[in-house]
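Undergrad: First the structure, then my questions, so here it is.
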Amino acid sequence: MKTLRLFTILMLIVLVLSMWTPAPVYAKQFSSASASTATLVVDLAKVKLARLRVNNRTGGTLYVKFSGERGYSFAASSQGKTTFESVIQPGKYTITVTASTCNGQLTYRKKVRGGTVSLPAFICRRK
């Protein structure tokens with residue numbers, strides 16, 4: 001009987017802890033008292049967002065960073081092709097690619113219009 005009681009109490013503790021999650025956090029714009037702050041409003045229904053497709057053959061995590069009119073960062077830990085769906089707004093970007101298993105980085109310049117931005121396969125070569 002003691003075992004059943006212990007098991008029941010343990011299950012209740014597990015259920016309570018599994019329901020006890022952190023409160024969701026929503027990003028909001030930082031409000032500044034400065035009048036020179038420009039506000040950019042983008043209607044996502046009208047903007048054609050681009051997808052990003054990478055082919056990770058590094059044996060580790062591939063990190064992709066877009067710098068330009070907007071900034072984006074992506075990480076692809078699974079090997080093979082990974083597609084990040086409709087996330088990049090059109091514009092001119094400098095793309096920096098690094099990998100957890102490789103030294104150095106690769107840099108590309110691309111103009112994103114929409115559709116799919118495909119990057120070549122990335123492979124680490126060791127000497």
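FYI, nothing fancy with the structure tokens labels: chains A, B, ... in order, residues from 1 per chain, ligands from 1 as they appear.
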Considering only C-alpha atoms, return as a PDB file with all heavy atoms, in the first residue's frame whatever protein or nucleic-acid residues lie within 8 Å of segment 60-65 of chain A, sequence-local ones (same chain, fewer than 4 positions apart) excluded.
TA:
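Output file around.pdb is given in full below:
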```pdb
ATOM      1  N   ASN A  56      23.499  21.530 -45.287  1.00  0.00           N
ATOM      2  CA  ASN A  56      24.524  21.387 -44.256  1.00  0.00           C
ATOM      3  C   ASN A  56      25.177  20.015 -44.367  1.00  0.00           C
ATOM      4  O   ASN A  56      24.561  18.996 -44.117  1.00  0.00           O
ATOM      5  CB  ASN A  56      23.885  21.554 -42.877  1.00  0.00           C
ATOM      6  CG  ASN A  56      24.896  21.496 -41.761  1.00  0.00           C
ATOM      7  OD1 ASN A  56      26.094  21.439 -41.992  1.00  0.00           O
ATOM      8  ND2 ASN A  56      24.411  21.496 -40.541  1.00  0.00           N
ATOM      9  N   GLY A  71      18.073  42.364 -40.017  1.00  0.00           N
ATOM     10  CA  GLY A  71      19.028  41.340 -39.613  1.00  0.00           C
ATOM     11  C   GLY A  71      18.311  40.043 -39.278  1.00  0.00           C
ATOM     12  O   GLY A  71      17.266  40.053 -38.624  1.00  0.00           O
ATOM     13  N   TYR A  72      18.859  38.933 -39.744  1.00  0.00           N
ATOM     14  CA  TYR A  72      18.289  37.617 -39.480  1.00  0.00           C
ATOM     15  C   TYR A  72      19.419  36.665 -39.118  1.00  0.00           C
ATOM     16  O   TYR A  72      20.518  36.768 -39.651  1.00  0.00           O
ATOM     17  CB  TYR A  72      17.563  37.063 -40.716  1.00  0.00           C
ATOM     18  CG  TYR A  72      16.451  37.934 -41.231  1.00  0.00           C
ATOM     19  CD1 TYR A  72      16.670  38.842 -42.268  1.00  0.00           C
ATOM     20  CD2 TYR A  72      15.184  37.858 -40.690  1.00  0.00           C
ATOM     21  CE1 TYR A  72      15.650  39.635 -42.752  1.00  0.00           C
ATOM     22  CE2 TYR A  72      14.152  38.650 -41.166  1.00  0.00           C
ATOM     23  CZ  TYR A  72      14.386  39.534 -42.195  1.00  0.00           C
ATOM     24  OH  TYR A  72      13.374  40.317 -42.662  1.00  0.00           O
ATOM     25  N   SER A  73      19.133  35.714 -38.245  1.00  0.00           N
ATOM     26  CA  SER A  73      20.094  34.677 -37.896  1.00  0.00           C
ATOM     27  C   SER A  73      19.393  33.332 -37.925  1.00  0.00           C
ATOM     28  O   SER A  73      18.264  33.204 -37.446  1.00  0.00           O
ATOM     29  CB  SER A  73      20.666  34.919 -36.502  1.00  0.00           C
ATOM     30  OG  SER A  73      21.421  36.100 -36.486  1.00  0.00           O
ATOM     31  N   PHE A  74      20.084  32.333 -38.475  1.00  0.00           N
ATOM     32  CA  PHE A  74      19.532  30.993 -38.584  1.00  0.00           C
ATOM     33  C   PHE A  74      20.587  29.995 -38.143  1.00  0.00           C
ATOM     34  O   PHE A  74      21.781  30.233 -38.303  1.00  0.00           O
ATOM     35  CB  PHE A  74      19.130  30.679 -40.039  1.00  0.00           C
ATOM     36  CG  PHE A  74      18.163  31.660 -40.614  1.00  0.00           C
ATOM     37  CD1 PHE A  74      18.616  32.732 -41.376  1.00  0.00           C
ATOM     38  CD2 PHE A  74      16.808  31.524 -40.405  1.00  0.00           C
ATOM     39  CE1 PHE A  74      17.724  33.641 -41.917  1.00  0.00           C
ATOM     40  CE2 PHE A  74      15.913  32.428 -40.936  1.00  0.00           C
ATOM     41  CZ  PHE A  74      16.372  33.490 -41.693  1.00  0.00           C
ATOM     42  N   ALA A  75      20.145  28.856 -37.632  1.00  0.00           N
ATOM     43  CA  ALA A  75      21.037  27.765 -37.273  1.00  0.00           C
ATOM     44  C   ALA A  75      20.420  26.467 -37.773  1.00  0.00           C
ATOM     45  O   ALA A  75      19.259  26.181 -37.495  1.00  0.00           O
ATOM     46  CB  ALA A  75      21.240  27.698 -35.764  1.00  0.00           C
ATOM     47  N   ALA A  76      21.196  25.697 -38.527  1.00  0.00           N
ATOM     48  CA  ALA A  76      20.744  24.413 -39.052  1.00  0.00           C
ATOM     49  C   ALA A  76      21.622  23.322 -38.453  1.00  0.00           C
ATOM     50  O   ALA A  76      22.771  23.166 -38.841  1.00  0.00           O
ATOM     51  CB  ALA A  76      20.825  24.395 -40.573  1.00  0.00           C
ATOM     52  N   SER A  77      21.089  22.586 -37.494  1.00  0.00           N
ATOM     53  CA  SER A  77      21.874  21.542 -36.842  1.00  0.00           C
ATOM     54  C   SER A  77      21.725  20.195 -37.539  1.00  0.00           C
ATOM     55  O   SER A  77      22.604  19.351 -37.436  1.00  0.00           O
ATOM     56  CB  SER A  77      21.480  21.419 -35.371  1.00  0.00           C
ATOM     57  OG  SER A  77      20.103  21.155 -35.269  1.00  0.00           O
ATOM     58  N   SER A  78      20.625  19.996 -38.255  1.00  0.00           N
ATOM     59  CA  SER A  78      20.446  18.717 -38.940  1.00  0.00           C
ATOM     60  C   SER A  78      21.245  18.707 -40.238  1.00  0.00           C
ATOM     61  O   SER A  78      21.415  19.722 -40.900  1.00  0.00           O
ATOM     62  CB  SER A  78      18.966  18.459 -39.216  1.00  0.00           C
ATOM     63  OG  SER A  78      18.444  19.483 -40.034  1.00  0.00           O
ATOM     64  N   GLN A  79      21.735  17.544 -40.583  1.00  0.00           N
ATOM     65  CA  GLN A  79      22.533  17.388 -41.792  1.00  0.00           C
ATOM     66  C   GLN A  79      21.616  17.267 -42.999  1.00  0.00           C
ATOM     67  O   GLN A  79      20.510  16.755 -42.900  1.00  0.00           O
ATOM     68  CB  GLN A  79      23.430  16.153 -41.682  1.00  0.00           C
ATOM     69  CG  GLN A  79      24.404  16.232 -40.510  1.00  0.00           C
ATOM     70  CD  GLN A  79      25.315  17.430 -40.604  1.00  0.00           C
ATOM     71  OE1 GLN A  79      26.042  17.591 -41.559  1.00  0.00           O
ATOM     72  NE2 GLN A  79      25.271  18.298 -39.604  1.00  0.00           N
ATOM     73  N   ILE A  95      25.494  37.996 -46.434  1.00  0.00           N
ATOM     74  CA  ILE A  95      25.230  36.739 -45.757  1.00  0.00           C
ATOM     75  C   ILE A  95      26.559  36.172 -45.273  1.00  0.00           C
ATOM     76  O   ILE A  95      27.489  35.998 -46.052  1.00  0.00           O
ATOM     77  CB  ILE A  95      24.544  35.743 -46.711  1.00  0.00           C
ATOM     78  CG1 ILE A  95      23.266  36.366 -47.278  1.00  0.00           C
ATOM     79  CG2 ILE A  95      24.256  34.433 -46.008  1.00  0.00           C
ATOM     80  CD1 ILE A  95      22.674  35.583 -48.432  1.00  0.00           C
ATOM     81  N   THR A  96      26.641  35.889 -43.975  1.00  0.00           N
ATOM     82  CA  THR A  96      27.840  35.309 -43.384  1.00  0.00           C
ATOM     83  C   THR A  96      27.495  33.918 -42.884  1.00  0.00           C
ATOM     84  O   THR A  96      26.534  33.739 -42.143  1.00  0.00           O
ATOM     85  CB  THR A  96      28.350  36.171 -42.213  1.00  0.00           C
ATOM     86  OG1 THR A  96      28.535  37.516 -42.677  1.00  0.00           O
ATOM     87  CG2 THR A  96      29.665  35.651 -41.675  1.00  0.00           C
ATOM     88  N   VAL A  97      28.298  32.931 -43.311  1.00  0.00           N
ATOM     89  CA  VAL A  97      28.048  31.535 -42.945  1.00  0.00           C
ATOM     90  C   VAL A  97      29.244  31.013 -42.166  1.00  0.00           C
ATOM     91  O   VAL A  97      30.388  31.143 -42.607  1.00  0.00           O
ATOM     92  CB  VAL A  97      27.821  30.675 -44.207  1.00  0.00           C
ATOM     93  CG1 VAL A  97      27.548  29.232 -43.826  1.00  0.00           C
ATOM     94  CG2 VAL A  97      26.692  31.234 -45.045  1.00  0.00           C
ATOM     95  N   THR A  98      28.980  30.431 -40.987  1.00  0.00           N
ATOM     96  CA  THR A  98      30.001  29.773 -40.187  1.00  0.00           C
ATOM     97  C   THR A  98      29.464  28.406 -39.770  1.00  0.00           C
ATOM     98  O   THR A  98      28.266  28.165 -39.838  1.00  0.00           O
ATOM     99  CB  THR A  98      30.365  30.587 -38.924  1.00  0.00           C
ATOM    100  OG1 THR A  98      29.181  30.800 -38.159  1.00  0.00           O
ATOM    101  CG2 THR A  98      30.994  31.913 -39.281  1.00  0.00           C
ATOM    102  N   ALA A  99      30.358  27.534 -39.350  1.00  0.00           N
ATOM    103  CA  ALA A  99      29.958  26.206 -38.888  1.00  0.00           C
ATOM    104  C   ALA A  99      30.682  25.884 -37.595  1.00  0.00           C
ATOM    105  O   ALA A  99      31.803  26.342 -37.365  1.00  0.00           O
ATOM    106  CB  ALA A  99      30.254  25.151 -39.943  1.00  0.00           C
ATOM    107  N   SER A 100      30.040  25.089 -36.761  1.00  0.00           N
ATOM    108  CA  SER A 100      30.630  24.744 -35.471  1.00  0.00           C
ATOM    109  C   SER A 100      31.841  23.824 -35.618  1.00  0.00           C
ATOM    110  O   SER A 100      32.689  23.782 -34.732  1.00  0.00           O
ATOM    111  CB  SER A 100      29.577  24.083 -34.578  1.00  0.00           C
ATOM    112  OG  SER A 100      29.106  22.884 -35.177  1.00  0.00           O
ATOM    113  N   THR A 101      31.941  23.118 -36.733  1.00  0.00           N
ATOM    114  CA  THR A 101      33.039  22.167 -36.917  1.00  0.00           C
ATOM    115  C   THR A 101      34.124  22.671 -37.861  1.00  0.00           C
ATOM    116  O   THR A 101      35.095  21.970 -38.092  1.00  0.00           O
ATOM    117  CB  THR A 101      32.498  20.835 -37.459  1.00  0.00           C
ATOM    118  OG1 THR A 101      31.763  21.095 -38.640  1.00  0.00           O
ATOM    119  CG2 THR A 101      31.619  20.150 -36.435  1.00  0.00           C
TER     120      THR A 101
END
```
Undergrad: Could you produce a table of the residues of segment 93-122 of chain A lying within 9 Å of segment 50-53 of chain A, with the nearest pair of atoms per residue and their separation in Å rounded to one decimal, using only C-alpha atoms, ordered by chain and increasing residue number, as a tab-separated table?
TA:
```
residue	atom	partner	partner_atom	distance
A:Val112	CA	A:Ala50	CA	7.3
A:Arg113	CA	A:Ala50	CA	7.1
A:Gly114	CA	A:Ala50	CA	4.2
A:Gly115	CA	A:Ala50	CA	4.8
A:Thr116	CA	A:Arg51	CA	4.6
A:Val117	CA	A:Leu52	CA	4.9
A:Ser118	CA	A:Arg53	CA	4.7
A:Leu119	CA	A:Arg53	CA	6.4
A:Pro120	CA	A:Arg53	CA	8.9
```
Undergrad: Could you take the residues named above and write them with N, CA and C atoms, as a PDB file, in the first residue's frame?
TA:
```
ATOM      1  N   VAL A 112      17.689  39.871 -52.289  1.00  0.00           N
ATOM      2  CA  VAL A 112      16.552  38.986 -52.061  1.00  0.00           C
ATOM      3  C   VAL A 112      15.301  39.663 -52.594  1.00  0.00           C
ATOM      4  N   ARG A 113      14.590  38.964 -53.451  1.00  0.00           N
ATOM      5  CA  ARG A 113      13.353  39.516 -54.021  1.00  0.00           C
ATOM      6  C   ARG A 113      12.120  38.776 -53.524  1.00  0.00           C
ATOM      7  N   GLY A 114      12.248  37.563 -53.197  1.00  0.00           N
ATOM      8  CA  GLY A 114      11.137  36.701 -52.810  1.00  0.00           C
ATOM      9  C   GLY A 114      11.440  35.303 -53.300  1.00  0.00           C
ATOM     10  N   GLY A 115      10.540  34.395 -53.131  1.00  0.00           N
ATOM     11  CA  GLY A 115      10.789  33.035 -53.567  1.00  0.00           C
ATOM     12  C   GLY A 115      11.699  32.319 -52.595  1.00  0.00           C
ATOM     13  N   THR A 116      12.738  31.658 -53.121  1.00  0.00           N
ATOM     14  CA  THR A 116      13.650  30.886 -52.285  1.00  0.00           C
ATOM     15  C   THR A 116      15.086  31.349 -52.494  1.00  0.00           C
ATOM     16  N   VAL A 117      15.770  31.621 -51.398  1.00  0.00           N
ATOM     17  CA  VAL A 117      17.192  31.943 -51.428  1.00  0.00           C
ATOM     18  C   VAL A 117      17.919  30.643 -51.109  1.00  0.00           C
ATOM     19  N   SER A 118      18.637  30.102 -52.088  1.00  0.00           N
ATOM     20  CA  SER A 118      19.371  28.851 -51.893  1.00  0.00           C
ATOM     21  C   SER A 118      20.859  29.149 -51.795  1.00  0.00           C
ATOM     22  N   LEU A 119      21.489  28.596 -50.803  1.00  0.00           N
ATOM     23  CA  LEU A 119      22.927  28.709 -50.640  1.00  0.00           C
ATOM     24  C   LEU A 119      23.554  27.380 -51.023  1.00  0.00           C
ATOM     25  N   PRO A 120      24.796  27.382 -51.497  1.00  0.00           N
ATOM     26  CA  PRO A 120      25.436  26.113 -51.908  1.00  0.00           C
ATOM     27  C   PRO A 120      25.652  25.202 -50.711  1.00  0.00           C
TER      28      PRO A 120
END
```
Undergrad: Distance atom CA of Phe122 of chain A-atom CA of Glu69 of chain A, one decimal place?
TA: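 Computed distance, atom CA of Phe122 of chain A to atom CA of Glu69 of chain A, equals 25.4 Å.
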Undergrad: Need to verify the contact set: Gly68 of chain A, 12 Å, only C-alpha atoms, exclusion of same-chain residues closer than 5 positions in sequence. Can you return it as a list of chain:residue names?
TA: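 Skipping anything fewer than 5 positions along the chain leaves A:Ser73, A:Ile88, A:Gln89, A:Pro90, A:Gly91, A:Lys92, A:Tyr93, A:Thr94, A:Ile95, A:Thr96, A:Tyr108, A:Arg109, A:Lys110, A:Lys111, A:Val112.
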Undergrad: So that I have them on file, write out the residues from the current selection with all heavy atoms, as a compact mmCIF listing (two decimals), in the first residue's frame.
TA:
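Generated output (selection-v6.txt):
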```txt
# COMPACT_ATOMS: atom_id res chain seq x y z
N SER A 73 19.13 35.71 -38.25
CA SER A 73 20.09 34.68 -37.90
C SER A 73 19.39 33.33 -37.92
O SER A 73 18.26 33.20 -37.45
CB SER A 73 20.67 34.92 -36.50
OG SER A 73 21.42 36.10 -36.49
N ILE A 88 12.34 35.96 -44.75
CA ILE A 88 13.24 37.05 -45.12
C ILE A 88 12.51 38.06 -45.99
O ILE A 88 11.92 37.71 -47.00
CB ILE A 88 14.46 36.51 -45.88
CG1 ILE A 88 15.15 35.44 -45.04
CG2 ILE A 88 15.43 37.63 -46.22
CD1 ILE A 88 16.19 34.67 -45.79
N GLN A 89 12.57 39.34 -45.58
CA GLN A 89 11.96 40.40 -46.38
C GLN A 89 12.89 40.76 -47.54
O GLN A 89 14.11 40.63 -47.43
CB GLN A 89 11.71 41.64 -45.53
CG GLN A 89 10.57 41.44 -44.57
CD GLN A 89 10.19 42.74 -43.89
OE1 GLN A 89 10.79 43.78 -44.13
NE2 GLN A 89 9.19 42.69 -43.05
N PRO A 90 12.33 41.22 -48.66
CA PRO A 90 13.16 41.62 -49.80
C PRO A 90 14.14 42.73 -49.44
O PRO A 90 13.84 43.59 -48.61
CB PRO A 90 12.14 42.10 -50.83
CG PRO A 90 10.86 41.43 -50.45
CD PRO A 90 10.90 41.31 -48.96
N GLY A 91 15.30 42.70 -50.08
CA GLY A 91 16.32 43.72 -49.84
C GLY A 91 17.70 43.19 -50.19
O GLY A 91 17.86 42.07 -50.64
N LYS A 92 18.72 44.03 -49.97
CA LYS A 92 20.11 43.65 -50.22
C LYS A 92 20.73 43.22 -48.89
O LYS A 92 20.64 43.94 -47.90
CB LYS A 92 20.89 44.81 -50.80
CG LYS A 92 20.44 45.20 -52.19
CD LYS A 92 21.26 46.36 -52.71
CE LYS A 92 20.77 46.78 -54.09
NZ LYS A 92 21.50 47.94 -54.59
N TYR A 93 21.37 42.05 -48.91
CA TYR A 93 21.93 41.50 -47.69
C TYR A 93 23.36 41.02 -47.89
O TYR A 93 23.73 40.59 -48.98
CB TYR A 93 21.09 40.30 -47.21
CG TYR A 93 19.70 40.68 -46.77
CD1 TYR A 93 18.62 40.53 -47.63
CD2 TYR A 93 19.46 41.18 -45.51
CE1 TYR A 93 17.34 40.89 -47.24
CE2 TYR A 93 18.19 41.53 -45.10
CZ TYR A 93 17.13 41.38 -45.97
OH TYR A 93 15.88 41.73 -45.58
N THR A 94 24.13 41.07 -46.81
CA THR A 94 25.42 40.41 -46.73
C THR A 94 25.18 39.17 -45.88
O THR A 94 24.72 39.27 -44.74
CB THR A 94 26.47 41.31 -46.08
OG1 THR A 94 26.61 42.50 -46.86
CG2 THR A 94 27.81 40.61 -45.98
N ILE A 95 25.49 38.00 -46.43
CA ILE A 95 25.23 36.74 -45.76
C ILE A 95 26.56 36.17 -45.27
O ILE A 95 27.49 36.00 -46.05
CB ILE A 95 24.54 35.74 -46.71
CG1 ILE A 95 23.27 36.37 -47.28
CG2 ILE A 95 24.26 34.43 -46.01
CD1 ILE A 95 22.67 35.58 -48.43
N THR A 96 26.64 35.89 -43.97
CA THR A 96 27.84 35.31 -43.38
C THR A 96 27.50 33.92 -42.88
O THR A 96 26.53 33.74 -42.14
CB THR A 96 28.35 36.17 -42.21
OG1 THR A 96 28.53 37.52 -42.68
CG2 THR A 96 29.66 35.65 -41.67
N TYR A 108 28.73 36.17 -48.52
CA TYR A 108 28.07 36.36 -49.81
C TYR A 108 27.30 37.67 -49.77
O TYR A 108 26.90 38.14 -48.72
CB TYR A 108 27.04 35.24 -50.08
CG TYR A 108 27.61 33.86 -50.10
CD1 TYR A 108 27.57 33.06 -48.96
CD2 TYR A 108 28.17 33.34 -51.25
CE1 TYR A 108 28.08 31.78 -48.98
CE2 TYR A 108 28.68 32.05 -51.27
CZ TYR A 108 28.63 31.28 -50.13
OH TYR A 108 29.14 30.02 -50.15
N ARG A 109 27.10 38.25 -50.94
CA ARG A 109 26.21 39.40 -51.08
C ARG A 109 25.09 38.98 -52.02
O ARG A 109 25.34 38.47 -53.10
CB ARG A 109 26.95 40.60 -51.66
CG ARG A 109 28.02 41.13 -50.75
CD ARG A 109 28.57 42.46 -51.28
NE ARG A 109 29.76 42.86 -50.56
CZ ARG A 109 29.76 43.41 -49.35
NH1 ARG A 109 28.64 43.59 -48.73
NH2 ARG A 109 30.89 43.76 -48.77
N LYS A 110 23.84 39.18 -51.58
CA LYS A 110 22.69 38.76 -52.38
C LYS A 110 21.58 39.78 -52.29
O LYS A 110 21.39 40.42 -51.26
CB LYS A 110 22.15 37.42 -51.85
CG LYS A 110 22.51 36.24 -52.71
CD LYS A 110 21.71 35.05 -52.26
CE LYS A 110 22.22 33.76 -52.77
NZ LYS A 110 22.21 33.52 -54.14
N LYS A 111 20.86 39.91 -53.39
CA LYS A 111 19.65 40.72 -53.40
C LYS A 111 18.47 39.75 -53.34
O LYS A 111 18.29 38.91 -54.21
CB LYS A 111 19.58 41.57 -54.67
CG LYS A 111 18.40 42.51 -54.68
CD LYS A 111 18.46 43.46 -55.83
CE LYS A 111 17.30 44.44 -55.72
NZ LYS A 111 17.35 45.44 -56.78
N VAL A 112 17.69 39.87 -52.29
CA VAL A 112 16.55 38.99 -52.06
C VAL A 112 15.30 39.66 -52.59
O VAL A 112 15.00 40.80 -52.25
CB VAL A 112 16.40 38.67 -50.55
CG1 VAL A 112 15.17 37.83 -50.30
CG2 VAL A 112 17.65 38.00 -50.04
```
Undergrad: Atom CA of Thr83 of chain A and atom CA of Val54 of chain A are how many Å apart?
TA: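 If I compute the distance from atom CA of Thr83 of chain A to atom CA of Val54 of chain A, I get 6.6 Å.
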Undergrad: If I take atom CA of Gly80 of chain A and atom CA of Val47 of chain A, how far is one from the other in Å, to one decimal?
TA: 29.1 Å
